[in-house]
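Input: a single structure, listed below in structure tokens.
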Amino acid sequence: MLFSKLLLPTLKDAPQEAEVISHKLMLRAGMVRKVASGIYTWLPMGLKVLRKIENIVREEMDASGAQEVLMPMVQPKELWDETNRWEKMGPELLRIQDRHKRDFCLGPTHEEVITDLIRNNVKSYKELPLNIYQIQTKFRDEVRPRYGVMRGREFLMKDSYSFNIDEACLEETYLTMRNTYKKVLERMNLDYKIVSADSGAIGGDASEEFHVLAETGEDTIAVSDSSEYAINTELLLKDGEDISSLEGKPSPDGKGTIEIKKGIEVGHIFQLGKVYAEDMKANVLNNEGKASTLYMGCYGIGVSRLVAAAIEQNNDDKGIVWPHSIAPFDINIIAIGFEKDQKIAEASYNLYKELIEMGYDVLLDDRKDGFGTKIKDSELIGIPMNIIIGKQFLETEEIEFRTRSGDTSLSKISDSQTILDFFKDK
């Protein structure tokens, strides 16, 4: 992509409404623009990151054996009545009517729709287990949308639902999904904790949350400094424990001591058991030919929220510091004098094409601006590697590599292997 053609309305200062660093930087870096409270348009730079995260999620879900579908965002009231959630969900459920005065809602989640699909199309235990997922827009009418896409009303989510013949089979699928979510977050190079949690409005027998650790997190979690033990303090507060008394105490699992951290919930997995299946009469014939109520699990991960969470954990005073796997571009070629010197223009464009052919996602900054403006923009939007072609190239045919962290090196432009090695090392 040529920088001069890119829709990238960067800002020197973030609007006053932006409270947290991710919201400020997403606005400044031209990733999103607000349409209404809690509702955003994703611009090209933001959408590239969103799609890269979506692809990581999809690849890991497919590798787990899950199957992708796409369910409607608009859902009929009748399905929600079967589970008594039409009223139970409260004002977060945005209710609408069509021209015939029939009641619908904008889906905040899809347990009812997927259960209806399975009960009408799966008849035997031999077709199980099934794990069905989608990556789709959700809408929850938050009372106080804030923090940009972190706590928006409209958001992109991967939600999946498993159907099992018994509890043991559900437990196996649940552990598979738990491991899948770990792989997703590790591919994004995020520091996270898996936290015992309250099942809330979704319900079920047990659930765990995945929290990206960040000082701006809305959730307070108690974690061990020497093991994977972690619990959302909401659970402890229900039992009357004083959170302040936990600090520095031995971890309940006998490993290390307790620390209090802030986390951003990006994923939640549930063992639902028979909650929805019983209400909606979702049965299959078991190996004895008798009707058997399905055991269900549901598993959600916030794709758009992960964009904000990654920024909260990866930034500095210059802007965003993307993990390589989700950066909007791998490499930015900063051509100084592109419009004035044919040698610089040709060298820059040839290198640009060569790197794209190698499989890299490349931006060529062909603007008339000077080096200062170009490097500041690149640092703001968080591109991991800059290749600078300018005066040094005219004198010695050398180009400069500069990583987002500030490491620099010189190499002949003809030595493409050095370029690749330097990039991979950083």
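Labels used: A, B, ... for chains in the order of the structure tokens, numbers from 1 for residues in each chain, and numbers from 1 for ligands as shown.
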
Surrounding residues of Leu380 in chain A excluding itself and chain neighbours under 3 positions, 6 Å, only C-alpha atoms, as a ChimeraX atom specification:
/A:318-320,377

Saved selection, atoms kept: N, CA and C atoms, as a CSV table (one decimal), in the first residue's frame:
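Contents of selection-v2.csv, as written:
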```csv
chain,number,residue,atom,x,y,z
A,318,LYS,N,5.5,7.2,22.3
A,318,LYS,CA,5.4,7.5,20.8
A,318,LYS,C,4.2,7.0,20.2
A,319,GLY,N,3.5,5.9,20.7
A,319,GLY,CA,2.4,5.4,20.1
A,319,GLY,C,2.2,3.9,20.4
A,320,ILE,N,1.7,3.1,19.5
A,320,ILE,CA,1.4,1.7,19.6
A,320,ILE,C,2.7,0.9,19.3
A,377,ASP,N,4.8,9.2,12.3
A,377,ASP,CA,3.6,8.5,11.9
A,377,ASP,C,3.7,7.0,12.0
```

Against range 47-65 of chain A, which residues of range 291-349 of chain A fall within 9 Å? For each one I want the closest pair of atoms and the distance in Å (one decimal), counting only C-alpha atoms, rows by chain and increasing residue number, as CSV.
```
residue,atom,partner,partner_atom,distance
A:Ile301,CA,A:Val57,CA,8.6
A:Val303,CA,A:Glu54,CA,6.2
A:Ser304,CA,A:Leu50,CA,6.3
A:Leu306,CA,A:Ile53,CA,7.7
A:Val307,CA,A:Leu50,CA,6.5
A:Ser325,CA,A:Lys52,CA,7.6
A:Ile326,CA,A:Lys52,CA,5.5
A:Ala327,CA,A:Val49,CA,6.1
A:Pro328,CA,A:Val49,CA,5.2
A:Phe329,CA,A:Lys48,CA,8.3
```

Run DSSP on the backbone of this structure and report the residues of range 32-217 of chain A it assigns to helix (DSSP H, G or I), as an MDAnalysis selection string.
chainID A and resid 44:63 77:82 85:88 90:92 111:121 125:127 148:150 167:187

Close residues, range 254-258 of chain A itself excluded, 8 Å, only C-alpha atoms, min 5 positions apart in chain, as a PyMOL selection string
chain A and resi 222-227+246-249

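The residue set within 10 Å of Ala206 in chain A, counting only C-alpha atoms and dropping same-chain residues fewer than 6 places from it, reads Ser196, Ala197, Asp198, Ser199, Ile269, Phe270, Gln271, Leu272, Gly273 and Gly297 of chain A.
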
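Ranking A:Gln134, A:Gln313, A:Gln75, A:Asn120 by their shortest atom-to-atom distance to Cys105 in chain A, with only C-alpha atoms included, puts A:Gln75 first.
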
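Among the candidate residues A:Thr83, A:Asn283, A:Ile331, A:Lys376, the one lying nearest to Asn121 in chain A is A:Asn283, with distances computed using only C-alpha atoms.
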
To one decimal place in Å, what is the distance between CA of Val20 in chain A and CA of Ser378 in chain A?
21.1 Å

So which residues touch Lys353 in chain A within 9 Å, counting only C-alpha atoms, skipping near sequence neighbours fewer than 5 positions away, as a CSV table (one decimal) with all heavy atoms, in the first residue's frame?
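Generated output (result_20.csv):
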```
chain,number,residue,atom,x,y,z
A,348,SER,N,13.1,2.3,-4.0
A,348,SER,CA,12.1,2.1,-3.0
A,348,SER,C,10.9,1.2,-3.5
A,348,SER,O,10.5,0.3,-2.8
A,348,SER,CB,11.5,3.5,-2.5
A,348,SER,OG,12.5,4.3,-2.0
A,358,MET,N,7.7,-11.7,-1.2
A,358,MET,CA,8.2,-12.6,-0.2
A,358,MET,C,7.2,-12.9,0.8
A,358,MET,O,7.4,-13.8,1.7
A,358,MET,CB,9.4,-12.0,0.5
A,358,MET,CG,10.7,-11.9,-0.3
A,358,MET,SD,12.0,-11.0,0.6
A,358,MET,CE,13.3,-11.0,-0.7
A,362,VAL,N,3.5,-4.8,3.4
A,362,VAL,CA,4.4,-3.6,3.3
A,362,VAL,C,3.7,-2.3,3.0
A,362,VAL,O,2.8,-2.3,2.1
A,362,VAL,CB,5.5,-3.9,2.2
A,362,VAL,CG1,6.6,-2.8,2.2
A,362,VAL,CG2,6.1,-5.2,2.3
```

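In this comparison, which uses only C-alpha atoms, the residue of A:Asp159, A:Asp330, A:Glu127, A:Glu19 approaching Met71 in chain A most closely is A:Asp159.
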
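Residue neighbourhood of Val266 in chain A, excluding near-sequence residues (fewer than 4 positions): Phe210, His211, Ile301 and Gly302 of chain A, at 6 Å, using only C-alpha atoms.
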
Would you save the residues of that selection, restricted to all heavy atoms, as a short mmCIF file (atom, residue, chain, number, x, y, z; two decimals), in the first residue's frame?
```cif
data_model
loop_
_atom_site.label_atom_id
_atom_site.label_comp_id
_atom_site.auth_asym_id
_atom_site.auth_seq_id
_atom_site.Cartn_x
_atom_site.Cartn_y
_atom_site.Cartn_z
N PHE A 210 -10.73 -15.28 30.45
CA PHE A 210 -9.36 -15.02 30.00
C PHE A 210 -9.12 -13.52 30.10
O PHE A 210 -9.82 -12.74 29.45
CB PHE A 210 -9.16 -15.52 28.57
CG PHE A 210 -9.12 -17.02 28.46
CD1 PHE A 210 -10.27 -17.77 28.62
CD2 PHE A 210 -7.92 -17.67 28.22
CE1 PHE A 210 -10.23 -19.16 28.53
CE2 PHE A 210 -7.87 -19.06 28.12
CZ PHE A 210 -9.03 -19.80 28.28
N HIS A 211 -8.15 -13.14 30.92
CA HIS A 211 -7.88 -11.72 31.15
C HIS A 211 -6.50 -11.34 30.64
O HIS A 211 -5.50 -11.98 30.97
CB HIS A 211 -7.94 -11.41 32.65
CG HIS A 211 -9.33 -11.31 33.19
ND1 HIS A 211 -9.95 -10.11 33.43
CD2 HIS A 211 -10.23 -12.27 33.52
CE1 HIS A 211 -11.17 -10.33 33.90
NE2 HIS A 211 -11.36 -11.63 33.96
N ILE A 301 -14.96 -15.12 22.62
CA ILE A 301 -13.74 -14.31 22.68
C ILE A 301 -13.98 -13.02 21.90
O ILE A 301 -14.51 -13.04 20.79
CB ILE A 301 -12.52 -15.09 22.14
CG1 ILE A 301 -11.21 -14.38 22.50
CG2 ILE A 301 -12.62 -15.35 20.65
CD1 ILE A 301 -9.99 -15.26 22.36
N GLY A 302 -13.66 -11.90 22.52
CA GLY A 302 -13.95 -10.59 21.93
C GLY A 302 -12.88 -10.19 20.93
O GLY A 302 -11.79 -9.75 21.32
#
```

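Across the model, the gap from CA of Asp116 in chain A to CA of Val284 in chain A is 13.0 Å.
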
Which of range 217-256 of chain A end up as strand (DSSP E) when DSSP is run on this backbone - answer as a ChimeraX atom specification?
/A:219-224,230-232

Could those residues be written to a file, using all heavy atoms, as a short mmCIF file (atom, residue, chain, number, x, y, z; two decimals), in the first residue's frame?
```cif
data_model
loop_
_atom_site.label_atom_id
_atom_site.label_comp_id
_atom_site.auth_asym_id
_atom_site.auth_seq_id
_atom_site.Cartn_x
_atom_site.Cartn_y
_atom_site.Cartn_z
N ASP A 219 -11.55 -5.30 35.61
CA ASP A 219 -11.71 -6.38 36.58
C ASP A 219 -10.50 -6.46 37.50
O ASP A 219 -9.36 -6.25 37.07
CB ASP A 219 -11.89 -7.72 35.86
CG ASP A 219 -13.23 -7.81 35.17
OD1 ASP A 219 -14.21 -8.15 35.86
OD2 ASP A 219 -13.31 -7.53 33.97
N THR A 220 -10.76 -6.79 38.75
CA THR A 220 -9.70 -7.01 39.72
C THR A 220 -9.58 -8.51 39.94
O THR A 220 -10.57 -9.19 40.25
CB THR A 220 -10.02 -6.32 41.06
OG1 THR A 220 -10.22 -4.92 40.82
CG2 THR A 220 -8.89 -6.50 42.05
N ILE A 221 -8.39 -9.04 39.76
CA ILE A 221 -8.19 -10.47 39.90
C ILE A 221 -7.07 -10.76 40.90
O ILE A 221 -6.11 -10.01 41.01
CB ILE A 221 -7.89 -11.13 38.54
CG1 ILE A 221 -6.68 -10.49 37.86
CG2 ILE A 221 -9.10 -11.04 37.62
CD1 ILE A 221 -6.32 -11.12 36.51
N ALA A 222 -7.24 -11.85 41.63
CA ALA A 222 -6.22 -12.32 42.57
C ALA A 222 -5.46 -13.45 41.91
O ALA A 222 -6.06 -14.44 41.48
CB ALA A 222 -6.89 -12.80 43.86
N VAL A 223 -4.14 -13.31 41.79
CA VAL A 223 -3.34 -14.30 41.07
C VAL A 223 -2.15 -14.73 41.93
O VAL A 223 -1.66 -13.97 42.77
CB VAL A 223 -2.83 -13.74 39.73
CG1 VAL A 223 -3.98 -13.23 38.88
CG2 VAL A 223 -1.81 -12.62 39.93
N SER A 224 -1.71 -15.94 41.69
CA SER A 224 -0.50 -16.42 42.34
C SER A 224 0.71 -15.94 41.56
O SER A 224 0.68 -15.88 40.33
CB SER A 224 -0.50 -17.94 42.41
OG SER A 224 0.78 -18.43 42.77
N ALA A 230 -5.70 -18.22 39.61
CA ALA A 230 -6.25 -16.87 39.46
C ALA A 230 -7.75 -16.93 39.65
O ALA A 230 -8.41 -17.89 39.23
CB ALA A 230 -5.91 -16.31 38.07
N ILE A 231 -8.32 -15.90 40.27
CA ILE A 231 -9.76 -15.86 40.49
C ILE A 231 -10.24 -14.42 40.40
O ILE A 231 -9.56 -13.49 40.85
CB ILE A 231 -10.13 -16.48 41.87
CG1 ILE A 231 -11.65 -16.60 42.02
CG2 ILE A 231 -9.51 -15.70 43.02
CD1 ILE A 231 -12.08 -17.43 43.20
N ASN A 232 -11.39 -14.23 39.77
CA ASN A 232 -11.99 -12.90 39.72
C ASN A 232 -12.50 -12.57 41.11
O ASN A 232 -13.23 -13.36 41.73
CB ASN A 232 -13.15 -12.90 38.71
CG ASN A 232 -13.60 -11.49 38.35
OD1 ASN A 232 -13.71 -10.63 39.21
ND2 ASN A 232 -13.87 -11.26 37.09
#
```

Residue with the minimum atom-to-atom distance to Ala308 in chain A, picked from A:Arg151, A:Lys391, A:Lys34, A:Arg404 with only C-alpha atoms counted, is A:Arg151

Show which residues sit within 9 Å of Val149 in chain A, as an mmCIF file with C-alpha atoms, in the first residue's frame. Count only C-alpha atoms, and ignore same-chain residues fewer than 4 positions away.
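Saved as around39.cif:
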```cif
data_model
loop_
_atom_site.group_PDB
_atom_site.id
_atom_site.type_symbol
_atom_site.label_atom_id
_atom_site.label_comp_id
_atom_site.auth_asym_id
_atom_site.auth_seq_id
_atom_site.Cartn_x
_atom_site.Cartn_y
_atom_site.Cartn_z
ATOM 1 C CA SER A 22 -6.091 2.326 23.726
ATOM 2 C CA HIS A 23 -8.996 4.654 22.938
ATOM 3 C CA VAL A 32 -11.557 4.102 14.264
ATOM 4 C CA GLY A 38 -20.380 2.882 21.762
ATOM 5 C CA ILE A 39 -20.573 2.465 17.965
ATOM 6 C CA TYR A 40 -17.525 2.912 15.711
ATOM 7 C CA PRO A 145 -20.416 2.700 26.856
ATOM 8 C CA ARG A 153 -22.350 -1.464 22.292
ATOM 9 C CA GLU A 154 -21.579 -2.976 18.892
ATOM 10 C CA PHE A 155 -18.609 -5.332 18.733
ATOM 11 C CA SER A 304 -12.614 -6.243 18.572
ATOM 12 C CA ARG A 305 -11.869 -5.979 22.300
ATOM 13 C CA VAL A 307 -7.457 -4.927 19.519
ATOM 14 C CA ALA A 308 -7.834 -2.517 22.438
#
```
